[in-house]
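Student: Structure incoming, see below.
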Amino acid sequence: MLPARVLAAATSLLVILALSGCSSLWPCTDTTAERGEAGVRVQVVDTDGQRLGVTAQVVDWRLEPHPQVPAEGDRVHFRFRFDGADERSGPVVDACAVDEERMALMCQAIHSSQVLGPGRDLTGDSWLDVEHPEHVAEVLLIPNDQSYAGGATCDTDIKDGGGTHPPESPGAGDQL
C-alpha cells in the first residue's frame with residue numbers, strides 16, 4: 001500500500017508544479033511591435049499593426065511662454081485631436097517635438113481621454129518643455145497605441161504575460 005500512496009503523492013506534486021508555472025505548459029514569449037511612421041496625422045494602430053479606427057492629429061503648434069511659468073521662456077504649445085475614439089478605445093500615442101531632420105527633441109504621451117467627455121470637441125492641448133525651442137520644426141505623433149505599455153511580461157507573469165508589446169516611446173535624439 002505504501003508504494004501506491006507514494007505514487008499518488010508524486011503525481012499530485014507534479015500536477016501542482018505544472019499548474020504553478022514551473023513547467024513549459026505555458027510557453028511565454030515577449031515581442032515588441034515595430035514603431036510606426038511618425039506624422040502630423042496618423043491612423044492609430046494596435047500592437048499587431050491593425051488600425052483601431054482612430055485618427056490622431058496635431059492641429060497646430062507654436063512657441064510661447066507657459067502661462068503658469070512665463071519667466072522660463074518659450075515652450076512648445078500644441079493642440080491635438082482624436083477622431084473615432086471613445087471611452088472604451090482610449091488610445092494613447094506619443095507626441096514629439098522634432099527638428100529639421102526629424103530628430104526627437106522631447107516626447108510625451110497624450111491620451112484620447114484628455115479630449116473625450118461631455119462638452120468636449122475632441123481637441124486638447126499640451127506643452128513640451130524643449131531645451132532649445134528654437135530648433136523645433138514640427139510636432140509629430142507616433143501611431144502606435146501605448147495604452148497597453150507596461151503590461152505583464154513573461155518575467156513578471158509567466159502565465160498571463162507575454163505577447164506583443166508596444167514599441168518603446170521615443171526619446172530625445174531618436175530619429176523619427
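The way I read the labels, and the way they are meant: chains A, B, ... in the order of the C-alpha cells, residue 1 as the first residue of every chain, and ligand 1 as the first ligand shown, with later ones counted on from there.
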Can you list, as JSON, numbers by chain, every protein, DNA or RNA residue that comes within 10 Å of Val92 in chain A when you count only C-alpha atoms, leaving out same-chain residues fewer than 2 positions away?

Tutor: {"A": [44, 56, 82, 89, 90, 94, 95, 109, 110, 111, 112, 113, 114, 142, 143, 144, 145, 146, 147, 148, 149]}

Student: Deliver the residues from the most recent selection as a file, using all heavy atoms, as a compact mmCIF listing (two decimals), in the first residue's frame.

Tutor:
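See again.txt below for the written result:
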# COMPACT_ATOMS: atom_id res chain seq x y z
N VAL A 44 -4.10 55.41 -35.71
CA VAL A 44 -3.60 54.70 -34.53
C VAL A 44 -3.71 53.20 -34.77
O VAL A 44 -4.73 52.71 -35.24
CB VAL A 44 -4.37 55.12 -33.27
CG1 VAL A 44 -3.81 54.42 -32.03
CG2 VAL A 44 -4.31 56.64 -33.08
N ALA A 56 -5.33 60.31 -34.96
CA ALA A 56 -4.78 61.33 -34.06
C ALA A 56 -4.08 62.36 -34.93
O ALA A 56 -3.43 62.00 -35.92
CB ALA A 56 -3.80 60.70 -33.07
N PHE A 82 -8.30 63.70 -31.50
CA PHE A 82 -8.54 62.28 -31.72
C PHE A 82 -9.92 62.14 -32.36
O PHE A 82 -10.91 62.57 -31.78
CB PHE A 82 -8.53 61.49 -30.39
CG PHE A 82 -7.18 61.21 -29.84
CD1 PHE A 82 -6.57 62.08 -28.95
CD2 PHE A 82 -6.50 60.05 -30.19
CE1 PHE A 82 -5.32 61.81 -28.42
CE2 PHE A 82 -5.24 59.77 -29.67
CZ PHE A 82 -4.65 60.66 -28.79
N SER A 89 -12.20 52.73 -26.32
CA SER A 89 -10.98 52.52 -27.09
C SER A 89 -9.78 53.16 -26.42
O SER A 89 -8.72 52.57 -26.35
CB SER A 89 -11.13 53.03 -28.53
OG SER A 89 -11.39 54.42 -28.54
N GLY A 90 -9.93 54.37 -25.92
CA GLY A 90 -8.92 55.05 -25.12
C GLY A 90 -7.48 54.98 -25.56
O GLY A 90 -6.60 54.72 -24.74
N ASP A 94 2.33 58.82 -28.65
CA ASP A 94 3.42 59.70 -28.27
C ASP A 94 3.43 60.91 -29.20
O ASP A 94 3.28 60.76 -30.41
CB ASP A 94 4.77 58.97 -28.37
CG ASP A 94 4.92 57.91 -27.30
OD1 ASP A 94 4.68 58.24 -26.12
OD2 ASP A 94 5.29 56.78 -27.63
N ALA A 95 3.63 62.09 -28.61
CA ALA A 95 3.78 63.33 -29.37
C ALA A 95 5.22 63.79 -29.17
O ALA A 95 5.74 63.78 -28.05
CB ALA A 95 2.82 64.40 -28.86
N ALA A 109 3.54 61.24 -23.85
CA ALA A 109 2.32 60.53 -24.23
C ALA A 109 1.13 61.47 -24.10
O ALA A 109 1.05 62.26 -23.16
CB ALA A 109 2.12 59.31 -23.34
N ILE A 110 0.21 61.38 -25.08
CA ILE A 110 -1.05 62.10 -24.98
C ILE A 110 -2.18 61.07 -25.04
O ILE A 110 -2.11 60.10 -25.78
CB ILE A 110 -1.21 63.18 -26.07
CG1 ILE A 110 -1.05 62.61 -27.47
CG2 ILE A 110 -0.24 64.33 -25.82
CD1 ILE A 110 -1.39 63.59 -28.58
N HIS A 111 -3.19 61.29 -24.24
CA HIS A 111 -4.27 60.33 -24.08
C HIS A 111 -5.55 60.85 -24.73
O HIS A 111 -5.90 62.02 -24.55
CB HIS A 111 -4.55 60.10 -22.59
CG HIS A 111 -3.37 59.60 -21.83
ND1 HIS A 111 -3.33 58.34 -21.31
CD2 HIS A 111 -2.18 60.17 -21.52
CE1 HIS A 111 -2.17 58.15 -20.70
NE2 HIS A 111 -1.45 59.25 -20.82
N SER A 112 -6.24 59.97 -25.43
CA SER A 112 -7.52 60.38 -26.00
C SER A 112 -8.49 60.78 -24.90
O SER A 112 -9.37 61.62 -25.11
CB SER A 112 -8.11 59.28 -26.87
OG SER A 112 -8.39 58.13 -26.10
N SER A 113 -8.33 60.22 -23.72
CA SER A 113 -9.22 60.56 -22.60
C SER A 113 -9.09 62.03 -22.20
O SER A 113 -9.98 62.57 -21.55
CB SER A 113 -8.94 59.65 -21.40
OG SER A 113 -7.62 59.83 -20.94
N GLN A 114 -8.00 62.69 -22.60
CA GLN A 114 -7.85 64.11 -22.32
C GLN A 114 -8.85 64.94 -23.11
O GLN A 114 -9.09 66.09 -22.76
CB GLN A 114 -6.43 64.58 -22.68
CG GLN A 114 -5.33 64.06 -21.79
CD GLN A 114 -3.96 64.45 -22.30
OE1 GLN A 114 -3.26 63.64 -22.87
NE2 GLN A 114 -3.58 65.70 -22.09
N ILE A 142 3.35 59.53 -33.04
CA ILE A 142 3.72 58.15 -33.35
C ILE A 142 2.41 57.35 -33.33
O ILE A 142 1.67 57.41 -32.36
CB ILE A 142 4.71 57.58 -32.32
CG1 ILE A 142 5.89 58.52 -32.08
CG2 ILE A 142 5.16 56.19 -32.73
CD1 ILE A 142 6.78 58.73 -33.26
N PRO A 143 2.11 56.57 -34.37
CA PRO A 143 0.79 55.92 -34.46
C PRO A 143 0.56 54.76 -33.51
O PRO A 143 -0.58 54.33 -33.34
CB PRO A 143 0.75 55.43 -35.91
CG PRO A 143 2.17 55.24 -36.29
CD PRO A 143 2.93 56.30 -35.55
N ASN A 144 1.58 54.24 -32.86
CA ASN A 144 1.42 53.05 -32.01
C ASN A 144 0.65 53.37 -30.73
O ASN A 144 1.04 54.27 -29.98
CB ASN A 144 2.77 52.46 -31.65
CG ASN A 144 3.58 52.12 -32.87
OD1 ASN A 144 4.28 52.97 -33.40
ND2 ASN A 144 3.48 50.89 -33.32
N ASP A 145 -0.41 52.61 -30.48
CA ASP A 145 -1.19 52.77 -29.26
C ASP A 145 -0.34 52.33 -28.07
O ASP A 145 0.11 51.19 -28.00
CB ASP A 145 -2.46 51.93 -29.34
CG ASP A 145 -3.33 52.03 -28.10
OD1 ASP A 145 -3.12 52.94 -27.29
OD2 ASP A 145 -4.22 51.18 -27.95
N GLN A 146 -0.12 53.25 -27.16
CA GLN A 146 0.70 52.96 -25.98
C GLN A 146 -0.13 52.65 -24.73
O GLN A 146 0.39 52.55 -23.64
CB GLN A 146 1.60 54.18 -25.67
CG GLN A 146 2.64 54.46 -26.72
CD GLN A 146 3.76 53.43 -26.70
OE1 GLN A 146 4.04 52.83 -25.68
NE2 GLN A 146 4.37 53.22 -27.84
N SER A 147 -1.46 52.50 -24.92
CA SER A 147 -2.30 52.29 -23.75
C SER A 147 -2.03 50.96 -23.05
O SER A 147 -2.41 50.78 -21.91
CB SER A 147 -3.79 52.39 -24.13
OG SER A 147 -4.15 51.40 -25.06
N TYR A 148 -1.36 50.02 -23.73
CA TYR A 148 -1.02 48.75 -23.10
C TYR A 148 0.44 48.67 -22.71
O TYR A 148 0.91 47.63 -22.31
CB TYR A 148 -1.38 47.58 -24.04
CG TYR A 148 -2.86 47.47 -24.25
CD1 TYR A 148 -3.44 47.92 -25.42
CD2 TYR A 148 -3.68 46.97 -23.26
CE1 TYR A 148 -4.81 47.84 -25.62
CE2 TYR A 148 -5.05 46.88 -23.44
CZ TYR A 148 -5.60 47.33 -24.62
OH TYR A 148 -6.96 47.26 -24.80
N ALA A 149 1.17 49.77 -22.86
CA ALA A 149 2.58 49.78 -22.45
C ALA A 149 2.66 49.49 -20.95
O ALA A 149 1.84 49.96 -20.18
CB ALA A 149 3.22 51.12 -22.78

Student: Using only C-alpha atoms, determine which residues lie at most 10 Å from range 166-172 of chain A, disregarding the query and same-chain residues fewer than 3 positions distant; provide the list as an NGL selection string.

Tutor: :A and (31-36 or 45-49 or 93-98 or 103-109 or 130 or 142 or 144-151 or 175-176)

Student: Considering only C-alpha atoms, state which residue in the set A:Asp60, A:Thr55, A:Ala152, A:Asp74 is at the smallest distance from Glu134 in chain A.

Tutor: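 Answer, going by the shortest atom-to-atom distance: A:Asp74.
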
Student: Within range 61-147 of chain A, find each residue whose DSSP state, derived from the backbone, is helix (DSSP H, G or I), and express the selection as a list of chain:residue names.

Tutor: A:Pro70, A:Ala71, A:Glu72, A:Ser112, A:Ser113, A:Gln114, A:Pro133, A:Glu134, A:His135

Student: Taking only C-alpha atoms into account, name the residue in A:Leu140, A:Leu122, A:Cys28, A:Thr164 that is nearest to Val40 in chain A.

Tutor: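 Using only C-alpha atoms, Val40 in chain A sits closest to A:Leu140.
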
Student: Would you list, as a ChimeraX atom specification, the residues of chain A that end up in strand (DSSP E) under DSSP run on this structure's backbone?

Tutor: /A:30-32,41-45,51-65,74-83,92-98,104-111,123-128,138-142,163-165

Student: Compile the contact shell of Trp127 in chain A as a VMD selection string: residues with an atom at most 9 Å away, counting only C-alpha atoms, same-chain residues fewer than 6 positions apart removed.

Tutor: chain A and resid 66 75 to 79

Student: Can you work out which one of A:Arg120, A:Arg81, A:Arg88, A:Lys159 has the shortest atom-to-atom distance to Leu52 in chain A, counting only C-alpha atoms?

Tutor: A:Arg88

Student: May I ask which of the residues A:Gly84, A:His165, A:Ser126, A:Gly117 is the closest one to Val139 in chain A, counting only C-alpha atoms?

Tutor: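 Comparing A:Gly84, A:His165, A:Ser126, A:Gly117 against Val139 in chain A, the winner is A:Ser126.
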
Student: Between CA of Ala71 in chain A and CA of Val58 in chain A, what is the spacing in Å?

Tutor: 26.3 Å
